[in-house]
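Source file model.pdb; content: PDB, C-alpha atoms, pLDDT in the B column.
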ATOM      1  CA  MET A1044       0.000   0.000   0.000  1.00 51.00           C
ATOM      2  CA  LYS A1045       2.862   2.330   0.864  1.00 54.00           C
ATOM      3  CA  ASN A1046       4.461   1.743  -2.563  1.00 53.00           C
ATOM      4  CA  LYS A1047       1.225   2.657  -4.344  1.00 54.00           C
ATOM      5  CA  LYS A1048       1.180   6.051  -2.582  1.00 55.00           C
ATOM      6  CA  TRP A1049       4.770   6.741  -3.625  1.00 48.00           C
ATOM      7  CA  ILE A1050       4.062   5.637  -7.187  1.00 54.00           C
ATOM      8  CA  ALA A1051       0.976   7.854  -7.323  1.00 51.00           C
ATOM      9  CA  LEU A1052       2.930  10.778  -5.860  1.00 46.00           C
ATOM     10  CA  ALA A1053       5.801  10.251  -8.312  1.00 48.00           C
ATOM     11  CA  ALA A1054       3.380  10.058 -11.234  1.00 47.00           C
ATOM     12  CA  ALA A1055       1.700  13.280 -10.093  1.00 45.00           C
ATOM     13  CA  VAL A1056       5.078  15.045  -9.845  1.00 44.00           C
ATOM     14  CA  VAL A1057       6.126  13.818 -13.305  1.00 46.00           C
ATOM     15  CA  LEU A1058       2.821  14.964 -14.810  1.00 48.00           C
ATOM     16  CA  ALA A1059       3.064  18.353 -13.099  1.00 49.00           C
ATOM     17  CA  VAL A1060       6.652  18.900 -14.239  1.00 47.00           C
ATOM     18  CA  THR A1061       5.930  17.924 -17.835  1.00 49.00           C
ATOM     19  CA  ALA A1062       2.585  19.775 -18.018  1.00 53.00           C
ATOM     20  CA  LEU A1063       3.923  23.046 -16.575  1.00 47.00           C
ATOM     21  CA  PRO A1064       6.158  23.931 -19.541  1.00 53.00           C
ATOM     22  CA  MET A1065       3.346  23.041 -21.928  1.00 52.00           C
ATOM     23  CA  THR A1066       0.962  25.472 -20.225  1.00 50.00           C
ATOM     24  CA  VAL A1067       3.636  28.196 -20.189  1.00 51.00           C
ATOM     25  CA  PHE A1068       4.287  27.743 -23.936  1.00 51.00           C
ATOM     26  CA  ALA A1069       0.554  27.609 -24.680  1.00 55.00           C
ATOM     27  CA  ALA A1070      -0.033  30.799 -22.679  1.00 54.00           C
ATOM     28  CA  LYS A1071       2.844  32.522 -24.496  1.00 54.00           C
ATOM     29  CA  LYS A1072       1.470  31.466 -27.886  1.00 56.00           C
ATOM     30  CA  ASP A1073      -2.026  32.706 -26.943  1.00 57.00           C
ATOM     31  CA  LYS A1074      -0.585  36.071 -25.859  1.00 58.00           C
ATOM     32  CA  GLU A1075       1.321  36.374 -29.156  1.00 56.00           C
ATOM     33  CA  GLU A1076      -1.824  35.604 -31.134  1.00 55.00           C
ATOM     34  CA  GLU A1077      -3.795  38.135 -29.077  1.00 65.00           C
ATOM     35  CA  LYS A1078      -1.282  40.857 -29.980  1.00 86.00           C
ATOM     36  CA  LEU A1079      -1.804  40.365 -33.732  1.00 94.00           C
ATOM     37  CA  SER A1080      -4.301  42.703 -35.379  1.00 95.00           C
ATOM     38  CA  LYS A1081      -6.595  40.849 -37.753  1.00 96.00           C
ATOM     39  CA  VAL A1082      -6.611  42.368 -41.244  1.00 95.00           C
ATOM     40  CA  THR A1083      -8.426  41.103 -44.329  1.00 96.00           C
ATOM     41  CA  LEU A1084      -6.892  42.083 -47.660  1.00 95.00           C
ATOM     42  CA  ASN A1085      -9.024  41.557 -50.762  1.00 95.00           C
ATOM     43  CA  GLU A1086      -6.895  41.577 -53.920  1.00 92.00           C
ATOM     44  CA  VAL A1087      -8.539  42.225 -57.264  1.00 89.00           C
ATOM     45  CA  ALA A1088      -6.828  39.254 -58.928  1.00 88.00           C
ATOM     46  CA  HIS A1089      -4.105  36.755 -58.124  1.00 86.00           C
ATOM     47  CA  SER A1090      -1.159  38.056 -60.138  1.00 82.00           C
ATOM     48  CA  ILE A1091       2.563  37.511 -60.522  1.00 78.00           C
ATOM     49  CA  PHE A1092       2.901  41.275 -60.062  1.00 79.00           C
ATOM     50  CA  TYR A1093       1.930  40.808 -56.410  1.00 83.00           C
ATOM     51  CA  ALA A1094       4.683  38.220 -55.820  1.00 87.00           C
ATOM     52  CA  PRO A1095       6.436  40.351 -53.165  1.00 88.00           C
ATOM     53  CA  GLN A1096       3.202  40.396 -51.185  1.00 89.00           C
ATOM     54  CA  TYR A1097       2.859  36.608 -51.390  1.00 93.00           C
ATOM     55  CA  VAL A1098       6.452  36.128 -50.280  1.00 95.00           C
ATOM     56  CA  ALA A1099       5.940  38.507 -47.352  1.00 95.00           C
ATOM     57  CA  ILE A1100       2.869  36.520 -46.261  1.00 95.00           C
ATOM     58  CA  GLU A1101       4.623  33.151 -46.547  1.00 96.00           C
ATOM     59  CA  GLU A1102       7.762  34.370 -44.783  1.00 96.00           C
ATOM     60  CA  GLY A1103       5.702  35.747 -41.885  1.00 96.00           C
ATOM     61  CA  TYR A1104       6.690  39.399 -42.350  1.00 96.00           C
ATOM     62  CA  PHE A1105       3.148  40.631 -41.695  1.00 95.00           C
ATOM     63  CA  ALA A1106       2.963  38.606 -38.482  1.00 95.00           C
ATOM     64  CA  GLU A1107       6.320  40.045 -37.411  1.00 96.00           C
ATOM     65  CA  GLU A1108       4.739  43.481 -37.761  1.00 95.00           C
ATOM     66  CA  GLY A1109       1.765  42.450 -35.632  1.00 96.00           C
ATOM     67  CA  LEU A1110      -0.697  41.641 -38.420  1.00 96.00           C
ATOM     68  CA  ASP A1111      -2.734  38.469 -38.786  1.00 97.00           C
ATOM     69  CA  LEU A1112      -3.338  38.868 -42.527  1.00 95.00           C
ATOM     70  CA  THR A1113      -6.070  37.006 -44.367  1.00 96.00           C
ATOM     71  CA  LEU A1114      -5.765  37.219 -48.158  1.00 96.00           C
ATOM     72  CA  VAL A1115      -8.897  36.912 -50.299  1.00 95.00           C
ATOM     73  CA  THR A1116      -9.108  37.213 -54.100  1.00 94.00           C
ATOM     74  CA  GLY A1117     -12.078  39.308 -55.202  1.00 92.00           C
ATOM     75  CA  PHE A1118     -11.939  38.462 -58.925  1.00 91.00           C
ATOM     76  CA  GLY A1119     -12.717  42.000 -60.053  1.00 88.00           C
ATOM     77  CA  ALA A1120     -12.429  45.578 -58.832  1.00 87.00           C
ATOM     78  CA  ASP A1121     -16.203  45.823 -58.408  1.00 88.00           C
ATOM     79  CA  LYS A1122     -16.261  42.848 -56.036  1.00 91.00           C
ATOM     80  CA  THR A1123     -13.160  44.011 -54.178  1.00 92.00           C
ATOM     81  CA  MET A1124     -14.644  47.492 -53.677  1.00 90.00           C
ATOM     82  CA  THR A1125     -17.922  45.951 -52.501  1.00 90.00           C
ATOM     83  CA  ALA A1126     -15.984  43.918 -49.923  1.00 93.00           C
ATOM     84  CA  VAL A1127     -14.263  47.074 -48.628  1.00 92.00           C
ATOM     85  CA  ILE A1128     -17.450  49.172 -48.514  1.00 89.00           C
ATOM     86  CA  SER A1129     -19.414  46.402 -46.766  1.00 91.00           C
ATOM     87  CA  GLY A1130     -16.676  45.889 -44.165  1.00 92.00           C
ATOM     88  CA  GLU A1131     -15.961  42.353 -45.361  1.00 95.00           C
ATOM     89  CA  ALA A1132     -12.405  43.490 -46.169  1.00 95.00           C
ATOM     90  CA  ASP A1133     -10.212  46.064 -44.463  1.00 94.00           C
ATOM     91  CA  ILE A1134      -8.058  46.731 -47.518  1.00 91.00           C
ATOM     92  CA  GLY A1135      -8.801  46.399 -51.226  1.00 91.00           C
ATOM     93  CA  PHE A1136      -5.886  45.919 -53.594  1.00 86.00           C
ATOM     94  CA  MET A1137      -7.177  47.272 -56.940  1.00 86.00           C
ATOM     95  CA  GLY A1138      -6.963  50.192 -59.306  1.00 81.00           C
ATOM     96  CA  ALA A1139      -7.980  53.630 -58.044  1.00 80.00           C
ATOM     97  CA  GLU A1140     -10.754  53.855 -60.622  1.00 82.00           C
ATOM     98  CA  ALA A1141     -13.002  51.671 -58.430  1.00 84.00           C
ATOM     99  CA  SER A1142     -13.093  54.315 -55.703  1.00 83.00           C
ATOM    100  CA  VAL A1143     -13.810  57.029 -58.282  1.00 83.00           C
ATOM    101  CA  TYR A1144     -16.787  55.017 -59.550  1.00 84.00           C
ATOM    102  CA  ALA A1145     -18.041  54.438 -55.998  1.00 84.00           C
ATOM    103  CA  TYR A1146     -17.750  58.156 -55.247  1.00 84.00           C
ATOM    104  CA  GLN A1147     -19.606  59.048 -58.467  1.00 86.00           C
ATOM    105  CA  GLU A1148     -22.376  56.659 -57.432  1.00 85.00           C
ATOM    106  CA  GLY A1149     -22.829  58.630 -54.198  1.00 85.00           C
ATOM    107  CA  ALA A1150     -20.650  56.830 -51.646  1.00 80.00           C
ATOM    108  CA  THR A1151     -20.823  58.949 -48.484  1.00 82.00           C
ATOM    109  CA  ASP A1152     -17.687  57.455 -46.907  1.00 80.00           C
ATOM    110  CA  PRO A1153     -15.111  57.395 -49.717  1.00 78.00           C
ATOM    111  CA  VAL A1154     -12.204  55.000 -49.440  1.00 83.00           C
ATOM    112  CA  VAL A1155      -8.610  56.204 -49.132  1.00 81.00           C
ATOM    113  CA  ASN A1156      -6.326  55.379 -52.057  1.00 79.00           C
ATOM    114  CA  PHE A1157      -2.622  54.627 -52.100  1.00 76.00           C
ATOM    115  CA  ALA A1158      -1.201  54.922 -55.574  1.00 67.00           C
ATOM    116  CA  GLN A1159       1.579  53.155 -57.434  1.00 63.00           C
ATOM    117  CA  LEU A1160       2.011  50.146 -55.169  1.00 62.00           C
ATOM    118  CA  THR A1161       3.260  47.954 -58.003  1.00 62.00           C
ATOM    119  CA  GLN A1162       5.076  50.734 -59.940  1.00 63.00           C
ATOM    120  CA  ARG A1163       4.284  49.094 -63.255  1.00 64.00           C
ATOM    121  CA  ALA A1164       1.045  48.391 -65.051  1.00 64.00           C
ATOM    122  CA  GLY A1165       0.278  44.705 -65.339  1.00 63.00           C
ATOM    123  CA  ASN A1166      -1.109  45.062 -68.842  1.00 68.00           C
ATOM    124  CA  PHE A1167      -0.255  42.949 -71.845  1.00 74.00           C
ATOM    125  CA  LEU A1168      -1.239  43.319 -75.447  1.00 80.00           C
ATOM    126  CA  VAL A1169      -1.876  40.044 -77.267  1.00 82.00           C
ATOM    127  CA  ALA A1170      -3.101  39.315 -80.751  1.00 84.00           C
ATOM    128  CA  ARG A1171      -4.883  36.389 -82.338  1.00 85.00           C
ATOM    129  CA  GLU A1172      -2.234  36.160 -85.026  1.00 88.00           C
ATOM    130  CA  GLU A1173       1.554  36.513 -84.911  1.00 92.00           C
ATOM    131  CA  MET A1174       2.755  40.054 -85.694  1.00 91.00           C
ATOM    132  CA  PRO A1175       6.577  39.986 -85.731  1.00 93.00           C
ATOM    133  CA  ASP A1176       6.899  43.622 -86.934  1.00 94.00           C
ATOM    134  CA  PHE A1177       4.252  45.086 -84.618  1.00 94.00           C
ATOM    135  CA  LYS A1178       4.028  48.866 -84.263  1.00 93.00           C
ATOM    136  CA  TRP A1179       1.557  50.752 -82.088  1.00 92.00           C
ATOM    137  CA  GLU A1180       0.205  52.387 -85.254  1.00 93.00           C
ATOM    138  CA  ASP A1181      -1.077  48.918 -86.230  1.00 92.00           C
ATOM    139  CA  LEU A1182      -3.847  49.419 -83.673  1.00 91.00           C
ATOM    140  CA  LYS A1183      -5.417  52.381 -85.497  1.00 93.00           C
ATOM    141  CA  GLY A1184      -8.892  51.449 -86.669  1.00 92.00           C
ATOM    142  CA  LYS A1185      -8.825  48.151 -84.749  1.00 88.00           C
ATOM    143  CA  LYS A1186     -11.011  47.125 -81.824  1.00 84.00           C
ATOM    144  CA  VAL A1187      -9.122  46.390 -78.625  1.00 81.00           C
ATOM    145  CA  LEU A1188     -10.702  44.830 -75.563  1.00 75.00           C
ATOM    146  CA  GLY A1189      -8.855  45.627 -72.367  1.00 69.00           C
ATOM    147  CA  GLY A1190      -9.247  44.323 -68.865  1.00 62.00           C
ATOM    148  CA  ARG A1191     -10.669  41.273 -67.225  1.00 56.00           C
ATOM    149  CA  LYS A1192     -14.026  40.207 -65.844  1.00 54.00           C
ATOM    150  CA  GLY A1193     -14.981  42.747 -63.173  1.00 51.00           C
ATOM    151  CA  GLY A1194     -12.242  45.141 -64.238  1.00 53.00           C
ATOM    152  CA  VAL A1195     -12.276  48.289 -66.322  1.00 50.00           C
ATOM    153  CA  HIS A1196     -12.771  47.652 -70.045  1.00 46.00           C
ATOM    154  CA  ILE A1197     -11.141  49.961 -72.549  1.00 46.00           C
ATOM    155  CA  SER A1198     -11.940  50.074 -76.250  1.00 42.00           C
ATOM    156  CA  MET A1199      -9.765  51.907 -78.737  1.00 42.00           C
TER     157      MET A1199
END

structure tokens encoding of this file:
Amino acid sequence: MKNKKWIALAAAVVLAVTALPMTVFAAKKDKEEEKLSKVTLNEVAHSIFYAPQYVAIEEGYFAEEGLDLTLVTGFGADKTMTAVISGEADIGFMGAEASVYAYQEGATDPVVNFAQLTQRAGNFLVAREEMPDFKWEDLKGKKVLGGRKGGVHISM
């Protein structure tokens, strides 16, 4: 009977000693997660031009700065702007024209724009047929469809 008490006491001590560090680490992790500000970023499209952003997310740079970033793809400036206006997203990554359109439609709380985040336009001109000696003048009198679904369409 005496041995059973010692075994029970020893088991309790072992459990307490091994459980204590686990609770300390769990508490530390919870405190770190509490410090992070939750931010939802809605990008207009998933694009190679946003590669630095994707790397920063994967490498944990946003978390290092105190942000718990959730990335959502809106698949169009209209949907991204709707997400920002409705409060579904905190930040919308899209062209500034979406906020101009929202303002023209009577938005009473216009969004704030930051310009030139990518420094280069992500536009490409493609043709149905090969044009090895292409010149911009070749577009005169032609119909050009610009943009993507949900984006701004430009005809020349």

Long-range neighbours of region 1097-1105 of chain A as an mmCIF file with C-alpha atoms, in the coordinates of the input, 12 Å cut-off, all atoms listed in the file, 5 positions minimum in chain:
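As a result, part_2.cif now contains:
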data_model
loop_
_atom_site.group_PDB
_atom_site.id
_atom_site.type_symbol
_atom_site.label_atom_id
_atom_site.label_comp_id
_atom_site.auth_asym_id
_atom_site.auth_seq_id
_atom_site.Cartn_x
_atom_site.Cartn_y
_atom_site.Cartn_z
ATOM 1 C CA LEU A 1079 -1.804 40.365 -33.732
ATOM 2 C CA SER A 1080 -4.301 42.703 -35.379
ATOM 3 C CA LYS A 1081 -6.595 40.849 -37.753
ATOM 4 C CA VAL A 1082 -6.611 42.368 -41.244
ATOM 5 C CA THR A 1083 -8.426 41.103 -44.329
ATOM 6 C CA LEU A 1084 -6.892 42.083 -47.660
ATOM 7 C CA GLU A 1086 -6.895 41.577 -53.920
ATOM 8 C CA HIS A 1089 -4.105 36.755 -58.124
ATOM 9 C CA SER A 1090 -1.159 38.056 -60.138
ATOM 10 C CA ILE A 1091 2.563 37.511 -60.522
ATOM 11 C CA PHE A 1092 2.901 41.275 -60.062
ATOM 12 C CA LEU A 1110 -0.697 41.641 -38.420
ATOM 13 C CA ASP A 1111 -2.734 38.469 -38.786
ATOM 14 C CA LEU A 1112 -3.338 38.868 -42.527
ATOM 15 C CA THR A 1113 -6.070 37.006 -44.367
ATOM 16 C CA LEU A 1114 -5.765 37.219 -48.158
ATOM 17 C CA VAL A 1115 -8.897 36.912 -50.299
#

(request) Considering only C-alpha atoms, return as JSON, numbers by chain whatever protein or nucleic-acid residues lie within 12 Å of region 1143-1152 of chain A, sequence-local ones (same chain, fewer than 5 positions apart) excluded. (result) {"A": [1120, 1121, 1122, 1123, 1124, 1125, 1127, 1128, 1129, 1130, 1137, 1138, 1194, 1195]}

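Put simply, CA of Arg1171 (chain A) is 23.7 Å away from CA of Ala1088 (chain A).
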
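CA of Thr1116 (chain A) to CA of Asn1085 (chain A) spans 5.5 Å [interatomic distance, one decimal].
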
(request) Enter the distance from CA of Ala1126 (chain A) to CA of Asn1156 (chain A), in Å, rounded to one decimal. (result) 15.1 Å

(request) Could you please give me, as a PyMOL selection string, the residues of protein, DNA or RNA lying at most 8 Å from (-10.5, 54.6, -51.7) in the coordinate frame of the file, considering all atoms listed in the file? (result) chain A and resi 1139+1141-1143+1153-1157

Please complete region 1128-1141 of chain A so it has N, CA, C and O atoms, and hand it over as a short mmCIF file (atom, residue, chain, number, x, y, z; two decimals), keeping the file's coordinate frame.
data_model
loop_
_atom_site.label_atom_id
_atom_site.label_comp_id
_atom_site.auth_asym_id
_atom_site.auth_seq_id
_atom_site.Cartn_x
_atom_site.Cartn_y
_atom_site.Cartn_z
N ILE A 1128 -16.34 48.32 -48.94
CA ILE A 1128 -17.45 49.17 -48.51
C ILE A 1128 -18.33 48.46 -47.49
O ILE A 1128 -18.79 49.06 -46.52
N SER A 1129 -18.54 47.15 -47.68
CA SER A 1129 -19.41 46.40 -46.77
C SER A 1129 -18.73 46.04 -45.45
O SER A 1129 -19.38 45.57 -44.52
N GLY A 1130 -17.41 46.25 -45.37
CA GLY A 1130 -16.68 45.89 -44.16
C GLY A 1130 -16.19 44.45 -44.15
O GLY A 1130 -15.59 44.00 -43.19
N GLU A 1131 -16.43 43.73 -45.24
CA GLU A 1131 -15.96 42.35 -45.36
C GLU A 1131 -14.44 42.30 -45.49
O GLU A 1131 -13.81 41.33 -45.11
N ALA A 1132 -13.86 43.38 -46.03
CA ALA A 1132 -12.40 43.49 -46.17
C ALA A 1132 -11.96 44.82 -45.58
O ALA A 1132 -12.69 45.82 -45.67
N ASP A 1133 -10.77 44.83 -45.01
CA ASP A 1133 -10.21 46.06 -44.46
C ASP A 1133 -9.46 46.85 -45.53
O ASP A 1133 -9.42 48.08 -45.49
N ILE A 1134 -8.86 46.12 -46.46
CA ILE A 1134 -8.06 46.73 -47.52
C ILE A 1134 -8.44 46.09 -48.84
O ILE A 1134 -8.62 44.87 -48.91
N GLY A 1135 -8.55 46.90 -49.88
CA GLY A 1135 -8.80 46.40 -51.23
C GLY A 1135 -7.62 46.74 -52.10
O GLY A 1135 -7.22 47.90 -52.19
N PHE A 1136 -7.03 45.73 -52.73
CA PHE A 1136 -5.89 45.92 -53.59
C PHE A 1136 -6.40 45.92 -55.03
O PHE A 1136 -6.67 44.86 -55.60
N MET A 1137 -6.57 47.13 -55.61
CA MET A 1137 -7.18 47.27 -56.94
C MET A 1137 -6.79 48.62 -57.50
O MET A 1137 -6.15 49.43 -56.81
N GLY A 1138 -7.22 48.89 -58.70
CA GLY A 1138 -6.96 50.19 -59.31
C GLY A 1138 -7.80 51.28 -58.65
O GLY A 1138 -8.90 51.03 -58.14
N ALA A 1139 -7.30 52.50 -58.69
CA ALA A 1139 -7.98 53.63 -58.04
C ALA A 1139 -9.31 53.97 -58.70
O ALA A 1139 -10.16 54.61 -58.08
N GLU A 1140 -9.51 53.52 -59.92
CA GLU A 1140 -10.75 53.86 -60.62
C GLU A 1140 -11.99 53.32 -59.89
O GLU A 1140 -13.06 53.93 -59.96
N ALA A 1141 -11.85 52.24 -59.15
CA ALA A 1141 -13.00 51.67 -58.43
C ALA A 1141 -13.53 52.65 -57.38
O ALA A 1141 -14.74 52.79 -57.19
#
